[in-house]
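Peer 1: See run-v4.txt below, with compact mmCIF, C-alpha atoms.
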```txt
# COMPACT_ATOMS: atom_id res chain seq x y z
CA MET C 1 -20.62 -12.68 24.09
CA SER C 2 -19.86 -9.55 22.10
CA GLY C 3 -18.40 -11.28 19.07
CA ARG C 4 -15.69 -10.39 16.68
CA LEU C 5 -15.46 -8.47 13.43
CA THR C 6 -12.46 -8.66 11.12
CA VAL C 7 -12.16 -6.37 8.11
CA ILE C 8 -10.06 -8.37 5.65
CA GLY C 9 -8.04 -7.16 2.67
CA LEU C 10 -8.01 -9.79 -0.06
CA GLY C 11 -5.34 -8.06 -2.15
CA PRO C 12 -5.48 -7.12 -5.81
CA GLY C 13 -7.17 -10.27 -7.09
CA ASN C 14 -4.58 -13.02 -7.31
CA ALA C 15 -4.86 -15.78 -4.70
CA ASP C 16 -1.05 -15.74 -4.43
CA GLN C 17 -1.24 -12.22 -3.10
CA VAL C 18 -3.60 -12.95 -0.22
CA THR C 19 -1.49 -12.89 2.96
CA PRO C 20 -1.49 -15.93 5.27
CA GLU C 21 -2.96 -13.62 7.92
CA ALA C 22 -5.94 -12.88 5.65
CA SER C 23 -6.39 -16.56 4.74
CA ARG C 24 -6.43 -17.50 8.42
CA ALA C 25 -8.97 -14.77 9.21
CA VAL C 26 -11.17 -16.13 6.40
CA ALA C 27 -10.87 -19.68 7.74
CA GLU C 28 -11.91 -18.55 11.24
CA ALA C 29 -14.98 -16.45 10.38
CA SER C 30 -18.55 -17.73 10.17
CA PHE C 31 -20.36 -14.88 8.37
CA PHE C 32 -18.98 -12.94 5.40
CA TYR C 33 -20.23 -9.53 4.32
CA GLY C 34 -19.05 -7.81 1.15
CA TYR C 35 -19.54 -6.67 -2.39
CA LYS C 36 -20.34 -9.80 -4.39
CA PRO C 37 -17.23 -9.86 -6.67
CA TYR C 38 -15.02 -9.91 -3.56
CA LEU C 39 -17.08 -12.62 -1.86
CA ASP C 40 -16.83 -14.63 -5.09
CA ARG C 41 -13.09 -14.91 -4.56
CA LEU C 42 -13.55 -16.88 -1.34
CA GLU C 43 -13.67 -20.66 -1.16
CA LEU C 44 -15.93 -21.10 1.83
CA ARG C 45 -16.94 -24.21 3.74
CA GLU C 46 -20.56 -25.32 4.13
CA ASP C 47 -20.71 -23.93 7.67
CA GLN C 48 -19.71 -20.45 6.46
CA THR C 49 -22.35 -17.99 5.28
CA ARG C 50 -22.04 -15.31 2.57
CA VAL C 51 -24.10 -12.13 2.69
CA ALA C 52 -23.48 -10.27 -0.58
CA SER C 53 -24.46 -6.65 -1.06
CA ASP C 54 -24.18 -4.09 -3.84
CA ASN C 55 -21.43 -1.61 -4.31
CA ARG C 56 -22.13 1.75 -2.62
CA GLU C 57 -23.88 -0.07 0.25
CA GLU C 58 -20.88 0.28 2.54
CA LEU C 59 -22.64 1.74 5.56
CA ALA C 60 -25.66 -0.59 5.45
CA ARG C 61 -23.29 -3.54 5.03
CA SER C 62 -21.21 -2.40 8.01
CA ASN C 63 -24.32 -2.05 10.18
CA GLU C 64 -25.51 -5.55 9.26
CA ALA C 65 -22.10 -7.06 9.92
CA LEU C 66 -21.75 -5.28 13.28
CA ALA C 67 -25.23 -6.37 14.36
CA LYS C 68 -24.31 -9.97 13.55
CA ALA C 69 -21.02 -9.69 15.46
CA ALA C 70 -22.85 -8.18 18.45
CA GLU C 71 -24.88 -11.39 18.61
CA GLY C 72 -21.61 -13.18 19.39
CA HIS C 73 -20.57 -14.40 15.96
CA ASN C 74 -17.18 -14.28 14.28
CA VAL C 75 -17.88 -11.99 11.32
CA ALA C 76 -15.71 -10.97 8.36
CA VAL C 77 -16.16 -7.92 6.15
CA VAL C 78 -14.09 -8.35 2.99
CA SER C 79 -12.54 -5.78 0.66
CA GLY C 80 -10.38 -6.09 -2.42
CA GLY C 81 -6.87 -4.69 -2.04
CA ASP C 82 -6.36 -3.09 1.34
CA PRO C 83 -9.49 -2.50 3.44
CA GLY C 84 -8.18 0.84 4.71
CA VAL C 85 -7.73 2.45 1.28
CA PHE C 86 -11.07 3.79 0.03
CA ALA C 87 -12.66 0.59 1.31
CA MET C 88 -14.53 -1.03 4.18
CA ALA C 89 -12.39 -0.20 7.24
CA ALA C 90 -13.54 3.43 7.29
CA ALA C 91 -17.20 2.48 6.83
CA VAL C 92 -17.02 0.02 9.73
CA CYS C 93 -15.34 2.57 12.01
CA GLU C 94 -17.96 5.18 11.10
CA ALA C 95 -20.77 2.70 11.74
CA ILE C 96 -19.36 1.91 15.19
CA GLU C 97 -19.17 5.61 16.06
CA ALA C 98 -22.79 6.17 15.04
CA GLY C 99 -24.09 2.85 16.37
CA PRO C 100 -25.26 1.50 19.72
CA GLN C 101 -22.86 1.44 22.66
CA GLU C 102 -22.62 -2.37 22.62
CA TRP C 103 -20.84 -2.30 19.24
CA ARG C 104 -17.81 -0.79 20.95
CA ALA C 105 -17.33 -4.04 22.85
CA ILE C 106 -16.91 -6.00 19.61
CA ASP C 107 -13.40 -7.32 19.10
CA LEU C 108 -12.47 -5.39 15.92
CA ALA C 109 -9.42 -6.15 13.76
CA VAL C 110 -8.29 -4.94 10.34
CA VAL C 111 -6.11 -7.22 8.20
CA PRO C 112 -4.13 -5.14 5.69
CA GLY C 113 -3.60 -6.18 2.07
CA VAL C 114 -1.68 -5.23 -1.06
CA THR C 115 -3.53 -2.19 -2.39
CA ALA C 116 -4.13 -1.70 -6.12
CA MET C 117 -1.54 1.01 -6.73
CA LEU C 118 1.21 -1.23 -5.32
CA ALA C 119 0.18 -4.10 -7.60
CA VAL C 120 0.04 -1.89 -10.68
CA ALA C 121 3.35 -0.22 -9.76
CA ALA C 122 5.02 -3.62 -9.40
CA ARG C 123 4.04 -4.56 -12.94
CA ILE C 124 5.18 -1.43 -14.72
CA GLY C 125 8.40 -0.25 -13.05
CA ALA C 126 8.77 1.82 -9.92
CA PRO C 127 6.52 4.87 -10.23
CA LEU C 128 5.96 5.16 -6.46
CA GLY C 129 9.66 5.25 -5.62
CA HIS C 130 9.36 8.94 -4.76
CA ASP C 131 6.63 10.93 -3.00
CA PHE C 132 3.12 10.03 -4.15
CA CYS C 133 -0.52 10.42 -3.28
CA ALA C 134 -3.78 8.54 -3.72
CA ILE C 135 -6.96 10.39 -4.67
CA SER C 136 -10.36 8.80 -5.12
CA LEU C 137 -12.29 10.33 -8.02
CA SER C 138 -15.58 9.28 -6.46
CA ASP C 139 -17.55 12.36 -5.50
CA ASN C 140 -20.14 10.39 -3.52
CA LEU C 141 -18.63 11.29 -0.15
CA LYS C 142 -16.87 14.59 -0.91
CA PRO C 143 -17.54 17.54 -3.20
CA TRP C 144 -15.94 17.53 -6.65
CA ASP C 145 -14.34 20.93 -5.98
CA LEU C 146 -12.26 19.36 -3.23
CA ILE C 147 -11.07 16.67 -5.64
CA GLU C 148 -9.96 19.33 -8.13
CA LEU C 149 -8.18 21.25 -5.37
CA ARG C 150 -6.29 18.10 -4.38
CA LEU C 151 -5.39 17.19 -7.97
CA LEU C 152 -3.96 20.67 -8.54
CA ALA C 153 -2.09 20.69 -5.22
CA ALA C 154 -0.59 17.26 -5.88
CA ALA C 155 0.42 18.07 -9.45
CA GLY C 156 1.88 21.42 -8.44
CA ALA C 157 4.01 19.82 -5.73
CA GLY C 158 5.30 17.06 -8.02
CA PHE C 159 3.62 14.08 -6.41
CA VAL C 160 3.04 10.96 -8.45
CA ILE C 161 -0.75 10.62 -8.38
CA ALA C 162 -2.65 7.33 -8.08
CA LEU C 163 -6.32 7.74 -8.97
CA TYR C 164 -8.73 5.28 -7.36
CA ASN C 165 -12.33 4.83 -8.51
CA PRO C 166 -11.50 6.54 -11.80
CA ILE C 167 -14.70 5.85 -13.71
CA SER C 168 -18.00 4.00 -13.49
CA LYS C 169 -21.43 4.00 -15.12
CA ALA C 170 -22.68 6.32 -12.41
CA ARG C 171 -19.63 8.61 -12.68
CA PRO C 172 -18.77 8.85 -16.38
CA TRP C 173 -17.18 12.33 -16.66
CA GLN C 174 -14.92 12.54 -13.61
CA LEU C 175 -11.79 10.95 -15.10
CA GLY C 176 -11.86 13.21 -18.16
CA ARG C 177 -12.35 16.26 -15.99
CA ALA C 178 -9.47 15.17 -13.74
CA PHE C 179 -7.17 14.92 -16.78
CA GLU C 180 -8.27 18.40 -17.87
CA CYS C 181 -7.25 19.76 -14.46
CA LEU C 182 -3.91 18.01 -14.55
CA ARG C 183 -3.16 19.22 -18.08
CA ALA C 184 -3.18 22.78 -16.78
CA ILE C 185 -0.11 21.97 -14.69
CA LEU C 186 1.65 18.84 -15.97
CA PRO C 187 3.47 18.60 -19.31
CA GLY C 188 1.90 16.55 -22.12
CA THR C 189 4.76 14.08 -21.81
CA THR C 190 3.65 12.97 -18.33
CA PRO C 191 3.19 9.18 -18.45
CA VAL C 192 -0.24 7.81 -17.57
CA ILE C 193 -0.69 4.16 -16.60
CA PHE C 194 -4.11 2.55 -16.71
CA GLY C 195 -4.28 -0.47 -14.42
CA ARG C 196 -7.28 -2.74 -14.57
CA ALA C 197 -7.73 -6.03 -12.73
CA ALA C 198 -3.97 -5.83 -12.29
CA GLU C 199 -3.56 -9.20 -10.65
CA ASP C 200 -6.73 -10.87 -11.71
CA HIS C 201 -6.70 -14.30 -13.38
CA ARG C 202 -8.62 -12.68 -16.20
CA ARG C 203 -5.65 -10.52 -16.95
CA GLY C 204 -5.26 -9.53 -20.54
CA ALA C 205 -7.03 -6.35 -19.69
CA GLY C 206 -3.65 -5.58 -18.18
CA GLN C 207 -2.28 -2.09 -18.30
CA ASP C 208 -2.15 0.41 -21.09
CA ARG C 209 0.62 2.90 -21.16
CA SER C 210 -0.12 6.22 -22.77
CA GLN C 211 0.65 9.89 -22.58
CA ALA C 212 -1.60 12.42 -20.92
CA MET X 1 21.61 -17.23 -20.10
CA SER X 2 20.58 -13.74 -19.01
CA GLY X 3 19.19 -14.72 -15.63
CA ARG X 4 16.43 -13.40 -13.52
CA LEU X 5 16.05 -10.71 -10.90
CA THR X 6 13.04 -10.47 -8.58
CA VAL X 7 12.57 -7.51 -6.27
CA ILE X 8 10.60 -8.92 -3.36
CA GLY X 9 8.49 -7.10 -0.79
CA LEU X 10 8.59 -8.93 2.55
CA GLY X 11 5.80 -6.88 4.12
CA PRO X 12 5.84 -5.01 7.42
CA GLY X 13 7.73 -7.61 9.45
CA ASN X 14 5.31 -10.37 10.42
CA ALA X 15 5.78 -13.68 8.60
CA ASP X 16 1.98 -13.95 8.37
CA GLN X 17 1.95 -10.89 6.15
CA VAL X 18 4.39 -12.21 3.56
CA THR X 19 2.30 -13.10 0.49
CA PRO X 20 2.51 -16.64 -0.95
CA GLU X 21 3.86 -15.00 -4.13
CA ALA X 22 6.76 -13.51 -2.15
CA SER X 23 7.42 -16.80 -0.31
CA ARG X 24 7.56 -18.67 -3.64
CA ALA X 25 9.94 -16.09 -5.11
CA VAL X 26 12.19 -16.52 -2.07
CA ALA X 27 12.12 -20.31 -2.44
CA GLU X 28 13.11 -20.08 -6.12
CA ALA X 29 16.03 -17.64 -5.88
CA SER X 30 19.67 -18.59 -5.34
CA PHE X 31 21.29 -15.28 -4.38
CA PHE X 32 19.78 -12.72 -2.01
CA TYR X 33 20.80 -9.07 -1.85
CA GLY X 34 19.49 -6.65 0.75
CA TYR X 35 19.89 -4.62 3.88
CA LYS X 36 20.86 -7.06 6.63
CA PRO X 37 17.74 -6.71 8.86
CA TYR X 38 15.56 -7.70 5.89
CA LEU X 39 17.81 -10.63 4.94
CA ASP X 40 17.65 -11.73 8.58
CA ARG X 41 13.94 -12.38 8.16
CA LEU X 42 14.54 -15.09 5.56
CA GLU X 43 14.90 -18.76 6.38
CA LEU X 44 17.22 -19.82 3.59
CA ARG X 45 18.43 -23.26 2.55
CA GLU X 46 22.11 -24.22 2.44
CA ASP X 47 22.18 -23.79 -1.33
CA GLN X 48 20.98 -20.18 -1.07
CA THR X 49 23.46 -17.34 -0.59
CA ARG X 50 22.96 -14.08 1.32
CA VAL X 51 24.81 -10.91 0.37
CA ALA X 52 24.06 -8.30 3.04
CA SER X 53 24.80 -4.64 2.56
CA ASP X 54 24.35 -1.48 4.56
CA ASN X 55 21.45 0.88 4.38
CA ARG X 56 21.98 3.71 1.87
CA GLU X 57 23.85 1.31 -0.41
CA GLU X 58 20.85 0.87 -2.70
CA LEU X 59 22.53 1.60 -6.01
CA ALA X 60 25.68 -0.42 -5.31
CA ARG X 61 23.49 -3.30 -4.12
CA SER X 62 21.39 -3.09 -7.28
CA ASN X 63 24.47 -3.13 -9.48
CA GLU X 64 25.88 -6.20 -7.71
CA ALA X 65 22.57 -8.02 -7.93
CA LEU X 66 22.14 -7.21 -11.63
CA ALA X 67 25.69 -8.33 -12.41
CA LYS X 68 24.98 -11.65 -10.68
CA ALA X 69 21.69 -12.06 -12.57
CA ALA X 70 23.45 -11.27 -15.87
CA GLU X 71 25.68 -14.31 -15.20
CA GLY X 72 22.54 -16.43 -15.47
CA HIS X 73 21.55 -16.77 -11.83
CA ASN X 74 18.14 -16.42 -10.21
CA VAL X 75 18.67 -13.41 -7.95
CA ALA X 76 16.41 -11.78 -5.35
CA VAL X 77 16.66 -8.26 -4.01
CA VAL X 78 14.60 -7.96 -0.83
CA SER X 79 12.87 -4.99 0.76
CA GLY X 80 10.70 -4.62 3.83
CA GLY X 81 7.12 -3.58 3.13
CA ASP X 82 6.54 -2.94 -0.55
CA PRO X 83 9.65 -2.73 -2.74
CA GLY X 84 8.15 0.08 -4.83
CA VAL X 85 7.58 2.49 -1.93
CA PHE X 86 10.83 4.32 -1.10
CA ALA X 87 12.62 0.99 -1.51
CA MET X 88 14.61 -1.20 -3.88
CA ALA X 89 12.44 -1.32 -7.04
CA ALA X 90 13.36 2.23 -8.05
CA ALA X 91 17.07 1.65 -7.38
CA VAL X 92 17.07 -1.48 -9.54
CA CYS X 93 15.25 0.28 -12.39
CA GLU X 94 17.71 3.19 -12.22
CA ALA X 95 20.67 0.81 -12.20
CA ILE X 96 19.34 -0.93 -15.32
CA GLU X 97 18.93 2.38 -17.12
CA ALA X 98 22.48 3.42 -16.30
CA GLY X 99 23.99 -0.05 -16.74
CA PRO X 100 25.28 -2.15 -19.64
CA GLN X 101 22.89 -3.10 -22.43
CA GLU X 102 22.89 -6.79 -21.40
CA TRP X 103 21.11 -5.95 -18.14
CA ARG X 104 17.99 -5.12 -20.15
CA ALA X 105 17.73 -8.78 -21.14
CA ILE X 106 17.40 -9.85 -17.49
CA ASP X 107 13.96 -11.20 -16.62
CA LEU X 108 12.89 -8.57 -14.07
CA ALA X 109 9.89 -8.93 -11.77
CA VAL X 110 8.66 -6.95 -8.77
CA VAL X 111 6.60 -8.72 -6.09
CA PRO X 112 4.49 -6.19 -4.19
CA GLY X 113 3.98 -6.28 -0.43
CA VAL X 114 2.00 -4.67 2.37
CA THR X 115 3.66 -1.29 2.85
CA ALA X 116 4.19 0.21 6.32
CA MET X 117 1.43 2.83 6.22
CA LEU X 118 -1.17 0.12 5.47
CA ALA X 119 0.03 -1.98 8.41
CA VAL X 120 -0.02 0.97 10.79
CA ALA X 121 -3.40 2.13 9.50
CA ALA X 122 -4.86 -1.34 10.05
CA ARG X 123 -3.86 -1.26 13.71
CA ILE X 124 -5.19 2.15 14.62
CA GLY X 125 -8.46 2.68 12.74
CA ALA X 126 -8.95 3.83 9.17
CA PRO X 127 -6.88 6.98 8.66
CA LEU X 128 -6.31 6.29 4.93
CA GLY X 129 -10.00 5.95 4.11
CA HIS X 130 -9.92 9.29 2.32
CA ASP X 131 -7.28 10.92 0.10
CA PHE X 132 -3.75 10.55 1.41
CA CYS X 133 -0.12 10.92 0.46
CA ALA X 134 3.23 9.43 1.34
CA ILE X 135 6.29 11.64 1.74
CA SER X 136 9.79 10.45 2.57
CA LEU X 137 11.58 12.78 4.95
CA SER X 138 14.93 11.57 3.69
CA ASP X 139 16.74 14.39 1.94
CA ASN X 140 19.45 12.13 0.54
CA LEU X 141 17.91 12.05 -2.94
CA LYS X 142 15.94 15.31 -3.06
CA PRO X 143 16.41 18.79 -1.61
CA TRP X 144 14.81 19.58 1.73
CA ASP X 145 13.01 22.59 0.20
CA LEU X 146 11.04 20.24 -2.02
CA ILE X 147 10.00 18.20 1.02
CA GLU X 148 8.71 21.35 2.73
CA LEU X 149 6.84 22.36 -0.42
CA ARG X 150 5.14 18.96 -0.53
CA LEU X 151 4.28 18.97 3.18
CA LEU X 152 2.65 22.39 2.83
CA ALA X 153 0.78 21.43 -0.35
CA ALA X 154 -0.51 18.19 1.18
CA ALA X 155 -1.59 19.85 4.42
CA GLY X 156 -3.25 22.71 2.58
CA ALA X 157 -5.25 20.35 0.40
CA GLY X 158 -6.39 18.20 3.32
CA PHE X 159 -4.50 15.02 2.54
CA VAL X 160 -3.76 12.57 5.32
CA ILE X 161 0.05 12.48 5.32
CA ALA X 162 2.15 9.34 5.86
CA LEU X 163 5.77 10.17 6.59
CA TYR X 164 8.34 7.54 5.66
CA ASN X 165 11.97 7.61 6.86
CA PRO X 166 11.00 10.06 9.59
CA ILE X 167 14.22 10.11 11.59
CA SER X 168 17.61 8.46 11.84
CA LYS X 169 21.01 9.08 13.39
CA ALA X 170 22.15 10.71 10.15
CA ARG X 171 18.97 12.80 9.84
CA PRO X 172 18.08 13.94 13.37
CA TRP X 173 16.26 17.26 12.74
CA GLN X 174 14.01 16.53 9.75
CA LEU X 175 10.99 15.21 11.63
CA GLY X 176 10.89 18.18 14.01
CA ARG X 177 11.23 20.59 11.10
CA ALA X 178 8.42 18.79 9.23
CA PHE X 179 6.12 19.19 12.25
CA GLU X 180 7.00 22.89 12.38
CA CYS X 181 5.94 23.25 8.75
CA LEU X 182 2.70 21.39 9.32
CA ARG X 183 1.85 23.43 12.43
CA ALA X 184 1.65 26.53 10.24
CA ILE X 185 -1.35 25.01 8.46
CA LEU X 186 -2.91 22.22 10.52
CA PRO X 187 -4.74 22.76 13.83
CA GLY X 188 -3.09 21.61 17.05
CA THR X 189 -5.78 18.95 17.42
CA THR X 190 -4.58 17.05 14.33
CA PRO X 191 -3.89 13.46 15.43
CA VAL X 192 -0.38 12.12 14.92
CA ILE X 193 0.29 8.39 14.94
CA PHE X 194 3.81 7.07 15.44
CA GLY X 195 4.17 3.57 14.00
CA ARG X 196 7.29 1.60 14.76
CA ALA X 197 7.96 -2.01 13.82
CA ALA X 198 4.20 -2.17 13.38
CA GLU X 199 4.01 -5.88 12.67
CA ASP X 200 7.26 -7.02 14.11
CA HIS X 201 7.42 -9.86 16.61
CA ARG X 202 9.22 -7.45 18.89
CA ARG X 203 6.10 -5.38 19.10
CA GLY X 204 5.69 -3.52 22.30
CA ALA X 205 7.26 -0.58 20.61
CA GLY X 206 3.82 -0.42 19.04
CA GLN X 207 2.23 2.90 18.20
CA ASP X 208 1.90 6.02 20.23
CA ARG X 209 -1.03 8.29 19.67
CA SER X 210 -0.52 11.95 20.36
CA GLN X 211 -1.48 15.40 19.20
CA ALA X 212 0.63 17.56 16.93
```
Is it possible to give me this structure as structure tokens?
Peer 2:
Amino acid sequence: MSGRLTVIGLGPGNADQVTPEASRAVAEASFFYGYKPYLDRLELREDQTRVASDNREELARSNEALAKAAEGHNVAVVSGGDPGVFAMAAAVCEAIEAGPQEWRAIDLAVVPGVTAMLAVAARIGAPLGHDFCAISLSDNLKPWDLIELRLLAAAGAGFVIALYNPISKARPWQLGRAFECLRAILPGTTPVIFGRAAEDHRRGAGQDRSQA
Amino acid sequence: MSGRLTVIGLGPGNADQVTPEASRAVAEASFFYGYKPYLDRLELREDQTRVASDNREELARSNEALAKAAEGHNVAVVSGGDPGVFAMAAAVCEAIEAGPQEWRAIDLAVVPGVTAMLAVAARIGAPLGHDFCAISLSDNLKPWDLIELRLLAAAGAGFVIALYNPISKARPWQLGRAFECLRAILPGTTPVIFGRAAEDHRRGAGQDRSQA
């Protein structure tokens, strides 16, 4: 019994945008690991167990989930959006690489989802209709210099740029600094779209449209 | 009566990856415009009408669909994957801009979907867990020089690169030329994943993993 671990993308926040594949994976799993706001989206049965953890606990959460799967359970790790885009799929793969040999026998699956930039793009026109890139502004796992290098390269080559993890209490200056970098290359007329909780029931936050 | 037009993303090819939002939009529409292989995925009722068109007919298809919507009908334009990523959402928006004033009164919505790179990434690990970009190798709508510039910029800045529209009968040399460009910058050990019909029932084509 080596168990099963499914990394599930719950989409941008609207239950109507959870794929049937993701819903079925949720129905089949017994233990759920994730950041609490994502777990809160699930309607679980009494025989299903939630194990919530804080943001920025991705590796510890992956280790816990893998250990549970190795005991023979059907375990789910949930992400908002798509689990492969700046989310849990990478953390789980890294944990397997660094973990005990037996974790490699776990039946691992990743269920893709609608990632945030697609949901925001759908609401405001078609900004991703040409070449684009996605850059996380979190400098927890990479140096800030590399982020600036990528912003400048992307702007110089005319990519549309989707910024993930733009701002947080722990990272208050990064978005402003990113805009400063981009201003050196892009004209002041470049449109900027702010998408927040794009498909959440609590919409009203919605998107603001402004100029850089 | 100004009608309604919904641009619908049908996901990567597996019915289990069509969101409930997309399924509802399909159920509500009366006229369906799209490239035939995408229309073939739909199970339509007798009162629903399909209007298939060839690939590379995006603008003509958009114009036809908008004209039908302007008559007061509920019209769907379907895309595989996400309609905003190198697909029909941009063509429809461009057609509205260039079209008669009355088309701006049409109730336009875009329903996002799981785009191909997310589906492929889910099957092979977590290649998009860090910064990445998407580049279409089709030079129908942009000059090839710009594609090379973007490939070099993305490789130089360490982006993972997803290539859309890699090869076709009409564009036989572009993928090879793109690899030549990338070889100038990336080491020969860079992994290359070929994803084909990633979530199609006809899988077996599957993905090949090789080195650049």
Peer 1: Output as CSV one row per residue of chain C within 9 Å of chain X: the closest atom pair and its distance in Å to one decimal place, counting all atoms listed in the file, sorted by chain and residue number ascending.
Peer 2:
```
residue,atom,partner,partner_atom,distance
C:Ala15,CA,X:Pro20,CA,8.3
C:Asp16,CA,X:Glu21,CA,5.0
C:Gln17,CA,X:Thr19,CA,5.1
C:Val18,CA,X:Thr19,CA,5.9
C:Thr19,CA,X:Thr19,CA,4.5
C:Pro20,CA,X:Asp16,CA,5.1
C:Glu21,CA,X:Asp16,CA,5.0
C:Ala22,CA,X:Gln17,CA,8.2
C:Asp82,CA,X:Leu118,CA,7.4
C:Pro83,CA,X:Ala122,CA,8.2
C:Gly84,CA,X:Ala126,CA,5.4
C:Val85,CA,X:Gly129,CA,5.0
C:Phe86,CA,X:Gly129,CA,4.7
C:Ala87,CA,X:Gly129,CA,6.6
C:Met88,CA,X:Gly129,CA,8.3
C:Ala89,CA,X:Ala126,CA,5.6
C:Ala90,CA,X:Ala126,CA,5.0
C:Ala91,CA,X:Gly129,CA,8.4
C:Val92,CA,X:Ala126,CA,8.9
C:Cys93,CA,X:Gly125,CA,6.9
C:Ala109,CA,X:Arg123,CA,7.4
C:Val110,CA,X:Ala122,CA,5.0
C:Val111,CA,X:Ala122,CA,6.3
C:Pro112,CA,X:Ala122,CA,5.8
C:Gly113,CA,X:Val114,CA,5.8
C:Val114,CA,X:Val114,CA,5.1
C:Thr115,CA,X:Val114,CA,7.7
C:Leu118,CA,X:Pro112,CA,6.1
C:Ala119,CA,X:Pro112,CA,5.9
C:Val120,CA,X:Pro112,CA,9.0
C:Ala121,CA,X:Gly84,CA,6.9
C:Ala122,CA,X:Val110,CA,5.0
C:Arg123,CA,X:Val110,CA,6.7
C:Ile124,CA,X:Val110,CA,8.8
C:Gly125,CA,X:Cys93,CA,6.9
C:Ala126,CA,X:Ala90,CA,5.0
C:Pro127,CA,X:Gly84,CA,7.4
C:Leu128,CA,X:Val85,CA,5.5
C:Gly129,CA,X:Phe86,CA,4.8
C:His130,CA,X:Phe86,CA,6.1
C:Asp131,CA,X:Ile135,CA,4.8
C:Phe132,CA,X:Ala134,CA,5.5
C:Cys133,CA,X:Cys133,CA,3.8
C:Ala134,CA,X:Phe132,CA,5.5
C:Ile135,CA,X:Asp131,CA,4.8
C:Ser136,CA,X:Asp131,CA,6.4
C:Leu146,CA,X:Ala157,CA,8.0
C:Ile147,CA,X:Asp131,CA,9.0
C:Leu149,CA,X:Ala157,CA,6.5
C:Arg150,CA,X:Ala157,CA,5.4
C:Leu151,CA,X:Ala157,CA,8.9
C:Ala153,CA,X:Ala153,CA,5.7
C:Ala154,CA,X:Ala153,CA,7.1
C:Gly156,CA,X:Ala153,CA,8.2
C:Ala157,CA,X:Arg150,CA,5.4
C:Gly158,CA,X:Arg150,CA,7.7
C:Phe159,CA,X:Arg150,CA,7.8
C:Ile161,CA,X:Cys133,CA,8.9
```
Peer 1: To one decimal in Å, tell me the separation between atom CA of Ala70 of chain X and atom CA of Glu102 of chain X.
Peer 2: 7.1 Å
Peer 1: With distances taken over all atoms listed in the file, which of X:Glu97, X:Asp145, X:Asp54, X:Asp107 is nearest to Gln174 of chain X?
Peer 2: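 So, comparing all the options, the nearest one is X:Asp145.
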Peer 1: For Ala105 of chain X, work out the shell of residues within 12 Å, counting all atoms listed in the file and skipping chain neighbours fewer than 6 positions away, then give it as a list of chain:residue names.
Peer 2: X:Met1, X:Ser2, X:Gly3, X:Arg4, X:Leu5, X:Leu66, X:Ala67, X:Ala69, X:Ala70, X:Glu71, X:Gly72, X:Ile96, X:Glu97, X:Gly99
Peer 1: Work out how far atom CA of Pro191 of chain X is from atom CA of Asn165 of chain X, in Å to one decimal.
Peer 2: 19.0 Å
Peer 1: When distances are computed from all atoms listed in the file, which of X:Ile106, X:Ala29, X:Ala98, X:Cys181 shows the smallest separation from Val77 of chain X?
Peer 2: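 Residue with the minimum atom-to-atom distance to Val77 of chain X: X:Ala29.
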Peer 1: Using only C-alpha atoms, can you tell me which of C:Arg56, C:Arg183, C:Arg45, C:Lys169 comes closest to Asn140 of chain C?
Peer 2: C:Arg56
Peer 1: If you measure from atom CA of Phe194 of chain C to atom CA of Asp139 of chain C, what distance in Å do you get, rounded to one decimal?
Peer 2: 20.1 Å
Peer 1: Please determine, counting only C-alpha atoms, which residue among X:Ala184, X:Asn74, X:Ala170, X:Trp103 has the shortest atom-to-atom distance to Asn55 of chain X.
Peer 2: X:Ala170
Peer 1: For a cutoff of 10 Å around the file-coordinate point (-24.9, -12.9, -3.5), which residues qualify once you count only C-alpha atoms? I'd like the result as a PyMOL selection string.
Peer 2: chain C and resi 33-37+39-40+50-54
Peer 1: Report as a VMD selection string all protein, DNA and RNA residues lying within 12 Å of Asp47 of chain C, evaluated on only C-alpha atoms, omitting residues in the same chain fewer than 4 positions from it.
Peer 2: chain C and resid 27 to 32 43
Peer 1: Using all atoms listed in the file, which of X:Arg41, X:Arg104, X:Arg177, X:Arg196 sits nearest Gly80 of chain X?
Peer 2: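 Checking each of X:Arg41, X:Arg104, X:Arg177, X:Arg196 against Gly80 of chain X, counting all atoms listed in the file, the winner is X:Arg41.
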Peer 1: Provide segment 182-186 of chain C rebuilt to N, CA, C and O atoms, formatted as a PDB file, in the frame of the given file.
Peer 2:
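Result saved to part-v7.pdb:
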```
ATOM      1  N   LEU C 182      -5.338  18.315 -14.632  1.00  0.00           N
ATOM      2  CA  LEU C 182      -3.910  18.010 -14.550  1.00  0.00           C
ATOM      3  C   LEU C 182      -3.148  18.603 -15.723  1.00  0.00           C
ATOM      4  O   LEU C 182      -2.000  19.025 -15.588  1.00  0.00           O
ATOM      5  N   ARG C 183      -3.808  18.655 -16.888  1.00  0.00           N
ATOM      6  CA  ARG C 183      -3.160  19.220 -18.080  1.00  0.00           C
ATOM      7  C   ARG C 183      -2.780  20.676 -17.898  1.00  0.00           C
ATOM      8  O   ARG C 183      -1.851  21.165 -18.533  1.00  0.00           O
ATOM      9  N   ALA C 184      -3.495  21.365 -17.015  1.00  0.00           N
ATOM     10  CA  ALA C 184      -3.180  22.780 -16.780  1.00  0.00           C
ATOM     11  C   ALA C 184      -1.821  22.935 -16.098  1.00  0.00           C
ATOM     12  O   ALA C 184      -1.217  24.002 -16.141  1.00  0.00           O
ATOM     13  N   ILE C 185      -1.344  21.874 -15.467  1.00  0.00           N
ATOM     14  CA  ILE C 185      -0.110  21.970 -14.690  1.00  0.00           C
ATOM     15  C   ILE C 185       0.998  21.056 -15.227  1.00  0.00           C
ATOM     16  O   ILE C 185       2.157  21.441 -15.313  1.00  0.00           O
ATOM     17  N   LEU C 186       0.629  19.832 -15.594  1.00  0.00           N
ATOM     18  CA  LEU C 186       1.650  18.840 -15.970  1.00  0.00           C
ATOM     19  C   LEU C 186       1.917  18.888 -17.475  1.00  0.00           C
ATOM     20  O   LEU C 186       1.003  19.133 -18.265  1.00  0.00           O
TER      21      LEU C 186
END
```
